[in-house]
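Text of the file entry22.txt, holding compact mmCIF, C-alpha atoms:
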```
# COMPACT_ATOMS: atom_id res chain seq x y z
CA MET I 1 24.82 -20.72 2.07
CA LYS I 2 26.21 -24.14 1.26
CA PRO I 3 28.96 -24.30 -1.37
CA ALA I 4 28.01 -25.45 -4.83
CA GLY I 5 30.08 -28.58 -4.55
CA ASP I 6 31.81 -30.71 -1.95
CA ASN I 7 35.43 -30.90 -3.00
CA ILE I 8 37.58 -29.79 -0.06
CA ALA I 9 40.83 -30.84 -1.72
CA LEU I 10 40.15 -28.66 -4.77
CA ALA I 11 39.11 -25.75 -2.56
CA ILE I 12 42.34 -26.01 -0.57
CA LEU I 13 44.38 -26.17 -3.79
CA LEU I 14 42.65 -23.02 -5.08
CA THR I 15 43.27 -21.23 -1.77
CA LEU I 16 46.95 -22.18 -1.88
CA THR I 17 47.03 -20.83 -5.43
CA PHE I 18 45.64 -17.55 -4.10
CA CYS I 19 48.30 -17.49 -1.36
CA LEU I 20 51.01 -17.78 -4.03
CA LEU I 21 49.55 -15.46 -6.67
CA ALA I 22 48.28 -12.59 -4.49
CA PRO I 23 51.62 -11.71 -2.84
CA THR I 24 53.34 -12.26 -6.19
CA ALA I 25 51.08 -9.62 -7.74
CA ASP I 26 51.79 -7.34 -4.77
CA ALA I 27 55.55 -7.83 -5.24
CA MET I 28 55.15 -6.92 -8.93
CA ALA I 29 53.16 -3.83 -7.91
CA LYS I 30 55.93 -2.85 -5.48
CA HIS I 31 58.49 -3.19 -8.27
CA LEU I 32 56.38 -1.35 -10.85
CA GLY I 33 55.52 1.42 -8.38
CA ALA I 34 59.04 2.75 -8.80
CA VAL I 35 58.48 3.46 -12.50
CA MET I 36 54.76 4.14 -12.87
CA SER I 37 51.96 5.83 -10.94
CA VAL I 38 49.67 4.04 -8.51
CA PHE I 39 46.77 5.20 -10.68
CA ALA I 40 48.26 3.40 -13.69
CA LEU I 41 48.68 0.20 -11.66
CA VAL I 42 45.07 0.33 -10.46
CA PHE I 43 43.67 1.15 -13.91
CA ILE I 44 45.55 -1.69 -15.61
CA ARG I 45 44.50 -4.08 -12.84
CA PHE I 46 40.80 -3.31 -13.35
CA VAL I 47 41.05 -3.46 -17.15
CA ALA I 48 42.52 -6.96 -16.86
CA GLN I 49 39.83 -8.03 -14.41
CA ALA I 50 37.06 -6.92 -16.75
CA ALA I 51 38.72 -8.35 -19.88
CA ILE I 52 39.34 -11.77 -18.33
CA LEU I 53 36.31 -12.31 -16.11
CA TRP I 54 33.49 -10.87 -18.23
CA PRO I 55 33.82 -13.50 -21.00
CA LEU I 56 34.50 -16.17 -18.35
CA ALA I 57 31.26 -15.33 -16.53
CA LYS I 58 29.39 -15.48 -19.84
CA ALA I 59 30.99 -18.85 -20.66
CA LEU I 60 29.91 -20.21 -17.27
CA GLY I 61 26.37 -18.98 -17.82
CA GLU I 62 26.47 -16.45 -14.97
CA PRO I 63 24.24 -13.44 -15.76
CA VAL I 64 26.36 -10.28 -15.72
CA HIS I 65 23.89 -7.66 -14.58
CA VAL I 66 23.08 -5.68 -11.45
CA PRO I 67 19.59 -5.93 -9.93
CA ARG I 68 18.05 -2.48 -9.64
CA ASP I 69 17.76 -2.61 -5.84
CA LEU I 70 21.48 -3.47 -5.47
CA ARG I 71 22.99 -0.85 -7.75
CA ALA I 72 24.03 1.53 -4.97
CA LEU I 73 25.71 -1.27 -3.03
CA VAL I 74 27.51 -2.61 -6.11
CA TRP I 75 28.84 0.86 -6.93
CA ALA I 76 29.91 1.28 -3.30
CA ARG I 77 31.74 -2.05 -3.52
CA VAL I 78 33.58 -0.91 -6.66
CA ILE I 79 34.66 2.36 -5.02
CA LEU I 80 35.88 0.50 -1.93
CA HIS I 81 37.80 -1.97 -4.13
CA ILE I 82 39.54 0.84 -6.02
CA ALA I 83 40.41 2.64 -2.79
CA GLY I 84 41.70 -0.52 -1.09
CA ILE I 85 43.95 -1.52 -3.97
CA ALA I 86 45.25 2.05 -4.39
CA LEU I 87 46.09 2.29 -0.69
CA MET I 88 47.84 -1.09 -0.73
CA PHE I 89 49.90 -0.28 -3.81
CA THR I 90 50.91 3.02 -2.19
CA ALA I 91 51.83 1.34 1.09
CA LEU I 92 54.04 -1.15 -0.76
CA GLN I 93 56.28 1.71 -1.91
CA PHE I 94 57.20 2.44 1.72
CA LEU I 95 56.88 -0.81 3.69
CA PRO I 96 58.29 -4.32 3.37
CA LEU I 97 55.86 -6.64 1.60
CA ALA I 98 55.22 -8.93 4.59
CA ASP I 99 54.78 -6.03 7.03
CA ALA I 100 52.22 -4.27 4.82
CA LEU I 101 50.27 -7.48 4.35
CA ALA I 102 50.37 -8.40 8.05
CA ILE I 103 49.02 -5.00 9.07
CA ALA I 104 46.24 -5.30 6.49
CA TYR I 105 45.33 -8.71 7.97
CA VAL I 106 43.74 -6.87 10.90
CA MET I 107 40.78 -6.60 8.50
CA PRO I 108 38.75 -9.50 10.04
CA PHE I 109 38.67 -7.72 13.39
CA ILE I 110 37.55 -4.45 11.80
CA ALA I 111 34.93 -6.35 9.79
CA MET I 112 33.68 -7.83 13.06
CA ALA I 113 33.22 -4.33 14.48
CA LEU I 114 31.50 -3.09 11.32
CA GLY I 115 29.22 -6.14 11.37
CA ALA I 116 28.14 -5.20 14.88
CA LEU I 117 27.54 -1.57 13.88
CA PHE I 118 25.77 -2.02 10.55
CA LEU I 119 24.42 -5.58 10.49
CA GLY I 120 23.45 -5.92 14.15
CA GLU I 121 25.74 -8.91 14.68
CA GLN I 122 26.53 -9.91 18.26
CA VAL I 123 30.10 -9.29 19.46
CA GLY I 124 30.74 -10.74 22.90
CA PRO I 125 33.64 -10.14 25.32
CA ILE I 126 35.69 -13.08 24.03
CA ARG I 127 35.59 -11.76 20.46
CA ILE I 128 36.59 -8.31 21.72
CA LEU I 129 39.50 -9.85 23.66
CA ILE I 130 40.72 -11.75 20.59
CA ALA I 131 40.41 -8.61 18.46
CA GLY I 132 42.39 -6.64 21.04
CA PHE I 133 45.10 -9.31 20.90
CA GLY I 134 45.18 -9.00 17.12
CA PHE I 135 45.39 -5.20 17.26
CA LEU I 136 48.31 -5.48 19.68
CA GLY I 137 50.17 -7.57 17.12
CA THR I 138 49.36 -5.03 14.43
CA LEU I 139 50.73 -2.18 16.55
CA LEU I 140 53.96 -4.12 17.03
CA VAL I 141 54.31 -4.40 13.23
CA ILE I 142 53.49 -0.73 12.74
CA GLN I 143 55.90 0.62 15.39
CA PRO I 144 59.27 -0.01 13.67
CA ASN I 145 57.84 0.92 10.28
CA PHE I 146 56.38 4.14 11.70
CA ALA I 147 59.81 5.02 13.09
CA GLN I 148 61.27 4.65 9.59
CA THR I 149 58.53 5.96 7.29
CA GLY I 150 56.22 8.02 9.51
CA ALA I 151 52.50 8.14 8.71
CA MET I 152 52.94 5.97 5.61
CA ALA I 153 53.15 2.98 7.98
CA LEU I 154 49.46 3.56 8.73
CA LEU I 155 48.38 3.06 5.11
CA PRO I 156 47.79 -0.71 5.51
CA LEU I 157 45.39 0.12 8.36
CA GLY I 158 43.47 2.14 5.79
CA VAL I 159 43.56 -0.91 3.53
CA ALA I 160 42.11 -3.01 6.36
CA VAL I 161 39.30 -0.52 7.05
CA VAL I 162 38.39 -0.18 3.37
CA PHE I 163 38.43 -3.92 2.70
CA ALA I 164 36.42 -4.58 5.87
CA GLY I 165 33.75 -2.33 4.35
CA PHE I 166 34.20 -4.14 1.03
CA PHE I 167 33.66 -7.46 2.85
CA ILE I 168 30.51 -6.23 4.59
CA VAL I 169 29.02 -4.94 1.33
CA THR I 170 29.94 -8.19 -0.44
CA ARG I 171 28.09 -10.17 2.22
CA LYS I 172 24.99 -8.08 1.57
CA ILE I 173 24.93 -8.78 -2.18
CA ALA I 174 26.76 -12.10 -2.67
CA ALA I 175 23.57 -14.16 -2.54
CA GLU I 176 22.04 -12.15 -5.39
CA ILE I 177 24.91 -12.04 -7.93
CA ALA I 178 27.03 -15.02 -9.02
CA PRO I 179 30.66 -14.73 -7.83
CA ILE I 180 32.51 -14.54 -11.17
CA ALA I 181 29.87 -12.20 -12.59
CA LEU I 182 30.26 -9.97 -9.53
CA GLN I 183 34.03 -9.79 -10.07
CA ALA I 184 33.52 -9.09 -13.79
CA LEU I 185 31.09 -6.28 -12.99
CA ASN I 186 33.56 -4.95 -10.44
CA GLY I 187 36.28 -4.74 -13.10
CA ALA I 188 34.11 -3.12 -15.78
CA MET I 189 32.52 -0.61 -13.41
CA GLY I 190 35.93 0.20 -11.97
CA VAL I 191 37.21 1.04 -15.45
CA LEU I 192 34.19 3.30 -16.02
CA LEU I 193 34.97 5.17 -12.81
CA LEU I 194 38.68 5.50 -13.59
CA LEU I 195 38.34 6.62 -17.24
CA PRO I 196 37.32 10.23 -16.40
CA ALA I 197 40.37 10.52 -14.11
CA LEU I 198 42.58 9.25 -16.93
CA GLY I 199 41.05 11.81 -19.30
CA LEU I 200 41.63 14.57 -16.75
CA GLY I 201 45.25 13.51 -16.33
CA LEU I 202 45.83 13.66 -20.08
CA LEU I 203 44.00 16.98 -20.44
CA LEU I 204 45.88 18.70 -17.61
CA ASP I 205 49.13 16.80 -18.16
CA TRP I 206 49.19 15.32 -14.64
CA PRO I 207 51.62 12.36 -14.58
CA ALA I 208 49.94 10.97 -11.45
CA LEU I 209 46.78 10.32 -13.52
CA GLN I 210 48.50 8.99 -16.63
CA ILE I 211 49.69 5.56 -17.76
CA HIS I 212 53.36 5.45 -18.65
CA TRP I 213 56.55 3.75 -17.46
CA SER I 214 60.24 3.64 -18.28
CA ALA I 215 61.44 1.82 -21.36
CA ASP I 216 63.22 -0.90 -19.36
CA VAL I 217 59.85 -2.29 -18.16
CA SER I 218 58.14 -4.42 -20.79
CA TRP I 219 54.45 -4.57 -21.66
CA SER I 220 54.60 -8.29 -20.95
CA PHE I 221 55.65 -7.74 -17.32
CA VAL I 222 52.89 -5.17 -16.78
CA ALA I 223 50.36 -7.55 -18.34
CA LEU I 224 51.65 -10.41 -16.17
CA PHE I 225 51.15 -8.27 -13.06
CA ALA I 226 47.52 -7.54 -13.99
CA ILE I 227 46.75 -11.14 -14.95
CA THR I 228 48.35 -12.51 -11.78
CA GLY I 229 46.28 -10.25 -9.55
CA THR I 230 43.08 -11.12 -11.41
CA PHE I 231 43.65 -14.86 -11.23
CA ALA I 232 44.59 -14.64 -7.55
CA HIS I 233 41.13 -13.30 -6.68
CA LEU I 234 39.51 -15.65 -9.16
CA ALA I 235 41.14 -18.59 -7.34
CA MET I 236 39.78 -17.35 -4.02
CA SER I 237 36.27 -16.80 -5.45
CA TRP I 238 36.25 -20.27 -6.99
CA SER I 239 37.53 -21.92 -3.81
CA LEU I 240 34.42 -20.74 -1.98
CA ARG I 241 32.27 -22.70 -4.43
CA TYR I 242 33.70 -25.96 -3.07
CA ALA I 243 34.22 -25.35 0.66
CA PRO I 244 32.98 -22.97 3.37
CA ALA I 245 34.95 -19.80 4.08
CA ALA I 246 35.54 -20.98 7.66
CA THR I 247 37.38 -24.03 6.32
CA LEU I 248 39.62 -22.02 4.01
CA ALA I 249 40.29 -18.90 6.09
CA PRO I 250 43.14 -20.42 8.17
CA ILE I 251 44.94 -21.46 4.98
CA SER I 252 44.80 -17.90 3.62
CA TYR I 253 47.22 -16.80 6.36
CA LEU I 254 49.94 -18.62 4.43
CA GLU I 255 49.93 -15.51 2.27
CA ILE I 256 52.04 -13.76 4.93
CA PRO I 257 55.06 -16.15 4.96
CA VAL I 258 54.90 -16.30 1.16
CA ALA I 259 55.04 -12.49 1.13
CA ALA I 260 57.99 -12.57 3.54
CA GLY I 261 59.87 -14.97 1.25
CA LEU I 262 59.11 -12.90 -1.85
CA GLY I 263 60.06 -9.70 -0.05
CA TYR I 264 63.43 -11.13 0.92
CA TRP I 265 64.07 -12.62 -2.52
CA ALA I 266 63.03 -9.58 -4.56
CA PHE I 267 63.83 -6.64 -2.27
CA SER I 268 66.07 -8.05 0.52
CA ASP I 269 63.33 -7.07 3.01
CA LEU I 270 62.67 -9.06 6.16
CA PRO I 271 60.54 -8.06 9.18
CA ASN I 272 62.72 -7.02 12.12
CA GLY I 273 62.39 -8.67 15.54
CA LEU I 274 59.52 -6.55 16.85
CA ALA I 275 57.60 -6.66 13.56
CA LEU I 276 58.08 -10.43 13.37
CA ILE I 277 56.61 -10.87 16.86
CA GLY I 278 53.70 -8.66 15.82
CA ILE I 279 53.10 -10.71 12.68
CA ILE I 280 53.02 -13.92 14.73
CA ILE I 281 50.57 -12.39 17.23
CA THR I 282 48.29 -11.05 14.45
CA VAL I 283 48.22 -14.41 12.65
CA LEU I 284 47.64 -16.30 15.92
CA ALA I 285 44.75 -14.01 16.88
CA GLY I 286 43.18 -14.45 13.46
CA LEU I 287 43.45 -18.22 13.65
CA ILE I 288 41.97 -18.27 17.16
CA LEU I 289 39.03 -16.15 15.98
CA ILE I 290 38.46 -18.46 12.98
CA TRP I 291 38.68 -21.59 15.15
CA ARG I 292 36.18 -20.15 17.64
CA GLU I 293 33.71 -19.12 14.92
CA ARG I 294 33.91 -22.61 13.38
CA ALA I 295 33.28 -24.22 16.78
CA ILE I 296 30.22 -22.00 17.38
CA ALA I 297 28.85 -22.76 13.89
CA GLN I 298 29.30 -26.52 14.40
CA ARG I 299 27.47 -26.41 17.74
CA GLN I 300 24.60 -24.49 16.16
CA GLU I 301 24.36 -27.02 13.31
CA ALA I 302 24.32 -29.89 15.80
CA GLN I 303 21.31 -28.46 17.65
CA PRO I 304 17.97 -30.04 16.65
```
Would you mind writing the file's structure down as C-alpha cells?
Amino acid sequence: MKPAGDNIALAILLTLTFCLLAPTADAMAKHLGAVMSVFALVFIRFVAQAAILWPLAKALGEPVHVPRDLRALVWARVILHIAGIALMFTALQFLPLADALAIAYVMPFIAMALGALFLGEQVGPIRILIAGFGFLGTLLVIQPNFAQTGAMALLPLGVAVVFAGFFIVTRKIAAEIAPIALQALNGAMGVLLLLPALGLGLLLDWPALQIHWSADVSWSFVALFAITGTFAHLAMSWSLRYAPAATLAPISYLEIPVAAGLGYWAFSDLPNGLALIGIIITVLAGLILIWRERAIAQRQEAQP
C-alpha cells in the first residue's frame, strides 16, 4: 500500500524521533523497574496510550472501531503487545539496555519464518542464510549475558517472538483500520484486559499486581515515561504515512547505538567485546535483509 504522502524527509525525521524516544522510554522503564512492578509499568503505559491517542484519532477523523470480522485478531494483537512489553521491561532489569534491544532485533528474522508458516510467504535459501547470520550475532550477545544472569538473558528472545507475531497480525489488519485509531484501540483494550488483574492484586494484596512506588520517584517522572513510550510508537506509525517501511527500516537500527549511549550514561553499562561483535553482526544481517528485500521490490515494480 502506498503511503498517504510523499515526504521522505519528514518520514526520516519521525523515524529518528522514534530512535531517540523508544530507548529513552526503555531506560526509564529500567530505572523505574527497581521501585515498581512490571505490571504497574505496563498498565500505566497502556493508560497513557489510550488517553493520548484516542482523542488524537478522533481529531484526525480516524474511526475508532473494530470491524466484526477482525475482532479476534485485534484482541490477539493487544495480548501480544502486553506480553511483549512486559517481557521487555522484565528483561531490562537483568540485561544492559543495548544488549536487550539487540537481542530483540532478531524479530525480523522470526517474522520471516512466521510469514512462511502462516501467510504462505516464500523464504528462499538466501533469506535463510541471512537469518542464520543474524541468529549467530544474537547468540554472541546472549552468551556473556547468559553467563551472568542465566535464563533471564533469553527474555529478549521471547520479546522477539511475541513482537514477530504482533507484526504478522498487524499486517493482516492494518489495511482495514487507520494507524492511529489502531494504536488507540490497542491502548484502550489493553487497559480493559489489565483492569481485572489490578482488581485481583488489590483484593488479594499481591504487590506484583498493584501500582505503587517509593516516595523518591515523582508522578511527573512516571507520567513522562508513559508519554515518551506512547509518542515513540506514534512517531513510527506516522512515519509510515510518508514513506515505505523498506525505506525507513535501516534507520530504525540507530535505536541500538542510542540505547548503548543511554545505557552507559544512565547505568554505566556497555556491551562487552563478544556482545559488541554480536550486536554488529545482528545489525549487519538486518540491513542486508532489508537491502535485499528493497532490491527485489524495485525489480518487481520495474517489470511491465
(request) For each of I:Ala102, I:Leu114, I:Ala232, I:Leu56, take the minimum atom-to-atom distance to Gly137 (chain I), counting all atoms listed in the file, then give the residue where this is smallest. (result)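 Answer, going by the shortest atom-to-atom distance: I:Ala102.
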Using all atoms listed in the file, what residues lie at most 12 Å away from (43.9, 1.5, -10.7) (file coordinates), given as a PyMOL selection string? chain I and resi 29+33+36-49+78-90+187-195+197-198+208-211+226
Quiz item: Smallest atom-to-atom distance to Met236 (chain I): which of I:Gln93, I:Thr24, I:Ser218, I:Gln183, using only C-alpha atoms?
Solution: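 Selected residue with least distance to Met236 (chain I): I:Gln183.
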Query raised in the report: To one decimal place, how far is CA of Leu234 (chain I) from CA of Ala50 (chain I) in Å?
Result: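 If I compute the distance from CA of Leu234 (chain I) to CA of Ala50 (chain I), I get 11.8 Å.
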Which of these, I:Val106, I:Leu53, I:Met28, I:Leu117, has the shortest distance to Phe231 (chain I) once you count all atoms listed in the file?
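Comparing I:Val106, I:Leu53, I:Met28, I:Leu117 against Phe231 (chain I), the winner is I:Leu53.
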